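*Asks:* Got a structure for you, written out below as structure tokens; questions coming shortly.
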Amino acid sequence: MSVNKEEISKNILELEKSFNERWSVGDNRGYLDAFAEEVSYFDPILENMVVGRDKVIAWIDSIYSNPHIVRNEYLNPVVHVSDSGDLAVLAYNLNTYVLDENGKEKQLRAWNATHGYRLIDNQWRIAHSNWAFSETVTEKIAS
């Protein structure tokens, strides 16, 4: 059986965008529902990795608030697909924008994102998630 890496790459990127668009408007369940049971998660405001779906969801739920993001820029996306077609690693830069007090767009954050996806029971699940700031910050934040 031949693996269509281009089609898998397209599907992974579309999934990621759909999860992030939901996150941006106040619905974090896209990402949370996509986590595999054994997911590992790096967050830039934590010292250690969080492992396990329930622990990752509890962490994210504890810090999440509706970020009111009005626009996302997905820059430099790269998807690496295994020869067997059941593992894909997505990396990209994400710029998020909100409205300022005058109703004009301003950049909220610049991220480096990497997600490892596994095909589990015919569904793509996030097995590893790594979010990093593109720029150094001095305060603990999440959005």
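Simple scheme: letters A, B, ... for chains in structure tokens order, numbers from 1 for residues in each chain, numbers from 1 for ligands in the order shown.
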Near range 29-35 of chain A, counting only C-alpha atoms, which residues have an atom at most 10 Å away, once you skip same-chain residues fewer than 4 positions from it, shown as a PyMOL selection string?
*Replies:* chain A and resi 15-23+39-41+52-54+56-58+60-61+117-118+123-129
*Asks:* Since we have the selection now, will you write its residues out, keeping C-alpha atoms, as a PDB file, in the first residue's frame?
*Replies:*
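part_36.pdb, freshly written:
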ATOM      1  CA  LEU A  15      -6.625  19.758  11.481  1.00  0.00           C
ATOM      2  CA  GLU A  16      -4.132  21.979  13.264  1.00  0.00           C
ATOM      3  CA  LYS A  17      -5.671  25.126  11.821  1.00  0.00           C
ATOM      4  CA  SER A  18      -9.168  23.988  12.814  1.00  0.00           C
ATOM      5  CA  PHE A  19      -8.038  23.324  16.406  1.00  0.00           C
ATOM      6  CA  ASN A  20      -6.273  26.671  16.602  1.00  0.00           C
ATOM      7  CA  GLU A  21      -9.172  28.619  15.097  1.00  0.00           C
ATOM      8  CA  ARG A  22     -11.468  27.152  17.756  1.00  0.00           C
ATOM      9  CA  TRP A  23      -8.923  28.042  20.456  1.00  0.00           C
ATOM     10  CA  VAL A  39       0.407  12.823  25.116  1.00  0.00           C
ATOM     11  CA  SER A  40       3.480  14.712  26.268  1.00  0.00           C
ATOM     12  CA  TYR A  41       3.236  18.493  26.471  1.00  0.00           C
ATOM     13  CA  GLY A  52      -0.830  12.067  30.109  1.00  0.00           C
ATOM     14  CA  ARG A  53      -4.059  13.328  28.563  1.00  0.00           C
ATOM     15  CA  ASP A  54      -5.867  14.035  31.848  1.00  0.00           C
ATOM     16  CA  VAL A  56      -2.407  18.014  30.133  1.00  0.00           C
ATOM     17  CA  ILE A  57      -6.105  18.867  29.914  1.00  0.00           C
ATOM     18  CA  ALA A  58      -6.183  19.853  33.609  1.00  0.00           C
ATOM     19  CA  ILE A  60      -4.585  23.823  30.001  1.00  0.00           C
ATOM     20  CA  ASP A  61      -8.025  24.231  31.574  1.00  0.00           C
ATOM     21  CA  TYR A 117       0.515  13.318  15.388  1.00  0.00           C
ATOM     22  CA  ARG A 118      -0.188   9.567  15.492  1.00  0.00           C
ATOM     23  CA  GLN A 123      -8.013   9.262  13.800  1.00  0.00           C
ATOM     24  CA  TRP A 124      -5.083  11.637  13.982  1.00  0.00           C
ATOM     25  CA  ARG A 125      -4.216  12.278  17.624  1.00  0.00           C
ATOM     26  CA  ILE A 126      -1.639  14.624  19.092  1.00  0.00           C
ATOM     27  CA  ALA A 127       0.988  12.469  20.804  1.00  0.00           C
ATOM     28  CA  HIS A 128       3.358  15.348  21.551  1.00  0.00           C
ATOM     29  CA  SER A 129       2.774  19.100  21.751  1.00  0.00           C
TER      30      SER A 129
END
*Asks:* With only C-alpha atoms as the counted atoms, please give the residues lying no more than 12 Å from Val70 in chain A, apart from itself and same-chain residues fewer than 2 positions off, as a list in words.
*Replies:*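 The residues that qualify are Asn20, Glu21, Arg22, Trp23, Ser24, Val25, Gly26, Asn66, Pro67, His68, Asn72, Glu73, Asn95, Thr96, Tyr97, Val98, Leu99, Asp100, Gly103, Lys104, Glu105, Lys106, Gln107 and Leu108 of chain A.
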*Asks:* Could you write out that same residue set with N, CA and C atoms as a PDB file, in the first residue's frame?
*Replies:*
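And here is the file that came out, part10.pdb:
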ATOM      1  N   ASN A  20      -6.740  25.347  16.189  1.00  0.00           N
ATOM      2  CA  ASN A  20      -6.273  26.671  16.602  1.00  0.00           C
ATOM      3  C   ASN A  20      -7.336  27.744  16.394  1.00  0.00           C
ATOM      4  N   GLU A  21      -8.102  27.640  15.325  1.00  0.00           N
ATOM      5  CA  GLU A  21      -9.172  28.619  15.097  1.00  0.00           C
ATOM      6  C   GLU A  21     -10.223  28.520  16.209  1.00  0.00           C
ATOM      7  N   ARG A  22     -10.529  27.322  16.640  1.00  0.00           N
ATOM      8  CA  ARG A  22     -11.468  27.152  17.756  1.00  0.00           C
ATOM      9  C   ARG A  22     -10.890  27.765  19.031  1.00  0.00           C
ATOM     10  N   TRP A  23      -9.606  27.483  19.279  1.00  0.00           N
ATOM     11  CA  TRP A  23      -8.923  28.042  20.456  1.00  0.00           C
ATOM     12  C   TRP A  23      -9.022  29.566  20.461  1.00  0.00           C
ATOM     13  N   SER A  24      -8.825  30.158  19.316  1.00  0.00           N
ATOM     14  CA  SER A  24      -8.764  31.615  19.176  1.00  0.00           C
ATOM     15  C   SER A  24     -10.064  32.308  19.542  1.00  0.00           C
ATOM     16  N   VAL A  25     -11.182  31.608  19.394  1.00  0.00           N
ATOM     17  CA  VAL A  25     -12.478  32.224  19.673  1.00  0.00           C
ATOM     18  C   VAL A  25     -13.098  31.732  20.984  1.00  0.00           C
ATOM     19  N   GLY A  26     -12.314  31.001  21.776  1.00  0.00           N
ATOM     20  CA  GLY A  26     -12.803  30.632  23.095  1.00  0.00           C
ATOM     21  C   GLY A  26     -13.189  29.180  23.276  1.00  0.00           C
ATOM     22  N   ASN A  66     -10.468  32.887  27.052  1.00  0.00           N
ATOM     23  CA  ASN A  66     -10.711  33.237  25.661  1.00  0.00           C
ATOM     24  C   ASN A  66      -9.762  34.346  25.227  1.00  0.00           C
ATOM     25  N   PRO A  67      -8.852  34.052  24.308  1.00  0.00           N
ATOM     26  CA  PRO A  67      -7.873  35.066  23.918  1.00  0.00           C
ATOM     27  C   PRO A  67      -8.409  36.105  22.923  1.00  0.00           C
ATOM     28  N   HIS A  68      -9.606  35.888  22.363  1.00  0.00           N
ATOM     29  CA  HIS A  68     -10.213  36.834  21.412  1.00  0.00           C
ATOM     30  C   HIS A  68      -9.272  37.149  20.253  1.00  0.00           C
ATOM     31  N   ASN A  72      -4.862  34.747  12.691  1.00  0.00           N
ATOM     32  CA  ASN A  72      -3.664  33.931  12.883  1.00  0.00           C
ATOM     33  C   ASN A  72      -2.887  33.898  11.587  1.00  0.00           C
ATOM     34  N   GLU A  73      -1.582  33.936  11.702  1.00  0.00           N
ATOM     35  CA  GLU A  73      -0.712  33.727  10.551  1.00  0.00           C
ATOM     36  C   GLU A  73       0.048  32.423  10.771  1.00  0.00           C
ATOM     37  N   ASN A  95       1.764  33.487  14.354  1.00  0.00           N
ATOM     38  CA  ASN A  95       1.570  34.846  14.865  1.00  0.00           C
ATOM     39  C   ASN A  95       0.086  35.029  15.135  1.00  0.00           C
ATOM     40  N   THR A  96      -0.236  35.523  16.332  1.00  0.00           N
ATOM     41  CA  THR A  96      -1.630  35.749  16.698  1.00  0.00           C
ATOM     42  C   THR A  96      -1.879  37.244  16.873  1.00  0.00           C
ATOM     43  N   TYR A  97      -3.079  37.668  16.490  1.00  0.00           N
ATOM     44  CA  TYR A  97      -3.433  39.088  16.515  1.00  0.00           C
ATOM     45  C   TYR A  97      -4.763  39.280  17.237  1.00  0.00           C
ATOM     46  N   VAL A  98      -4.828  40.338  18.027  1.00  0.00           N
ATOM     47  CA  VAL A  98      -6.037  40.751  18.730  1.00  0.00           C
ATOM     48  C   VAL A  98      -6.325  42.198  18.350  1.00  0.00           C
ATOM     49  N   LEU A  99      -7.460  42.707  18.803  1.00  0.00           N
ATOM     50  CA  LEU A  99      -7.773  44.113  18.572  1.00  0.00           C
ATOM     51  C   LEU A  99      -7.329  44.946  19.760  1.00  0.00           C
ATOM     52  N   ASP A 100      -6.744  46.103  19.468  1.00  0.00           N
ATOM     53  CA  ASP A 100      -6.351  47.005  20.552  1.00  0.00           C
ATOM     54  C   ASP A 100      -7.557  47.846  20.980  1.00  0.00           C
ATOM     55  N   GLY A 103      -9.641  49.300  18.244  1.00  0.00           N
ATOM     56  CA  GLY A 103     -10.216  48.394  17.256  1.00  0.00           C
ATOM     57  C   GLY A 103      -9.266  48.028  16.123  1.00  0.00           C
ATOM     58  N   LYS A 104      -7.997  48.307  16.295  1.00  0.00           N
ATOM     59  CA  LYS A 104      -6.996  47.969  15.277  1.00  0.00           C
ATOM     60  C   LYS A 104      -6.253  46.718  15.697  1.00  0.00           C
ATOM     61  N   GLU A 105      -5.854  45.934  14.696  1.00  0.00           N
ATOM     62  CA  GLU A 105      -5.103  44.714  14.982  1.00  0.00           C
ATOM     63  C   GLU A 105      -3.737  45.019  15.573  1.00  0.00           C
ATOM     64  N   LYS A 106      -3.364  44.199  16.564  1.00  0.00           N
ATOM     65  CA  LYS A 106      -1.998  44.245  17.081  1.00  0.00           C
ATOM     66  C   LYS A 106      -1.581  42.805  17.360  1.00  0.00           C
ATOM     67  N   GLN A 107      -0.301  42.558  17.207  1.00  0.00           N
ATOM     68  CA  GLN A 107       0.188  41.209  17.442  1.00  0.00           C
ATOM     69  C   GLN A 107       0.159  40.909  18.930  1.00  0.00           C
ATOM     70  N   LEU A 108      -0.422  39.773  19.254  1.00  0.00           N
ATOM     71  CA  LEU A 108      -0.470  39.324  20.640  1.00  0.00           C
ATOM     72  C   LEU A 108       0.766  38.496  20.965  1.00  0.00           C
TER      73      LEU A 108
END
*Asks:* CA of Asn4 in chain A to CA of Gly85 in chain A: how many Å, to one decimal?
*Replies:*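 Distance between the two atoms: 7.7 Å.
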*Asks:* Could you please determine the separation between CA of Ser134 in chain A and CA of Asn11 in chain A in Å, to one decimal place?
*Replies:*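 According to the coordinates, CA of Ser134 in chain A and CA of Asn11 in chain A are separated by 25.3 Å.
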*Asks:* Need the shell around Pro77 in chain A: protein/DNA/RNA residues with any atom at most 10 Å away, counting only C-alpha atoms. Skip same-chain ones fewer than 4 positions apart. Format as a PDB file with N, CA and C atoms, in the first residue's frame?
*Replies:*
ATOM      1  N   SER A   9      -0.046  15.308   4.844  1.00  0.00           N
ATOM      2  CA  SER A   9       0.460  16.619   5.270  1.00  0.00           C
ATOM      3  C   SER A   9      -0.639  17.667   5.211  1.00  0.00           C
ATOM      4  N   LEU A  13      -2.214  19.683   8.538  1.00  0.00           N
ATOM      5  CA  LEU A  13      -2.223  21.143   8.619  1.00  0.00           C
ATOM      6  C   LEU A  13      -3.651  21.681   8.752  1.00  0.00           C
ATOM      7  N   LEU A  90       4.427  18.016  12.703  1.00  0.00           N
ATOM      8  CA  LEU A  90       4.138  19.333  12.145  1.00  0.00           C
ATOM      9  C   LEU A  90       4.902  20.383  12.939  1.00  0.00           C
ATOM     10  N   ALA A  91       5.580  21.260  12.228  1.00  0.00           N
ATOM     11  CA  ALA A  91       6.247  22.400  12.862  1.00  0.00           C
ATOM     12  C   ALA A  91       5.888  23.649  12.073  1.00  0.00           C
ATOM     13  N   TYR A  92       5.657  24.746  12.784  1.00  0.00           N
ATOM     14  CA  TYR A  92       5.325  26.007  12.124  1.00  0.00           C
ATOM     15  C   TYR A  92       5.499  27.162  13.093  1.00  0.00           C
ATOM     16  N   ASN A  93       5.513  28.354  12.532  1.00  0.00           N
ATOM     17  CA  ASN A  93       5.509  29.578  13.328  1.00  0.00           C
ATOM     18  C   ASN A  93       4.087  30.126  13.279  1.00  0.00           C
ATOM     19  N   LEU A  94       3.625  30.624  14.401  1.00  0.00           N
ATOM     20  CA  LEU A  94       2.264  31.148  14.495  1.00  0.00           C
ATOM     21  C   LEU A  94       2.310  32.544  15.075  1.00  0.00           C
ATOM     22  N   ALA A 113       5.637  26.309  17.122  1.00  0.00           N
ATOM     23  CA  ALA A 113       4.825  25.157  17.504  1.00  0.00           C
ATOM     24  C   ALA A 113       5.323  23.899  16.816  1.00  0.00           C
ATOM     25  N   THR A 114       5.330  22.812  17.573  1.00  0.00           N
ATOM     26  CA  THR A 114       5.654  21.502  17.024  1.00  0.00           C
ATOM     27  C   THR A 114       4.684  20.497  17.619  1.00  0.00           C
TER      28      THR A 114
END
*Asks:* Quick check for you: according to DSSP on this backbone, which residues of chain A are classed as strand (DSSP E or B)? Reply as a ChimeraX atom specification.
*Replies:* /A:35-42,50-51,71-81,87-99,105-120,123-133
*Asks:* Have a look at A:Val3, A:Val51, A:Ala110, A:Leu75 and name the one nearest to Leu87 in chain A; count only C-alpha atoms.
*Replies:* A:Val3
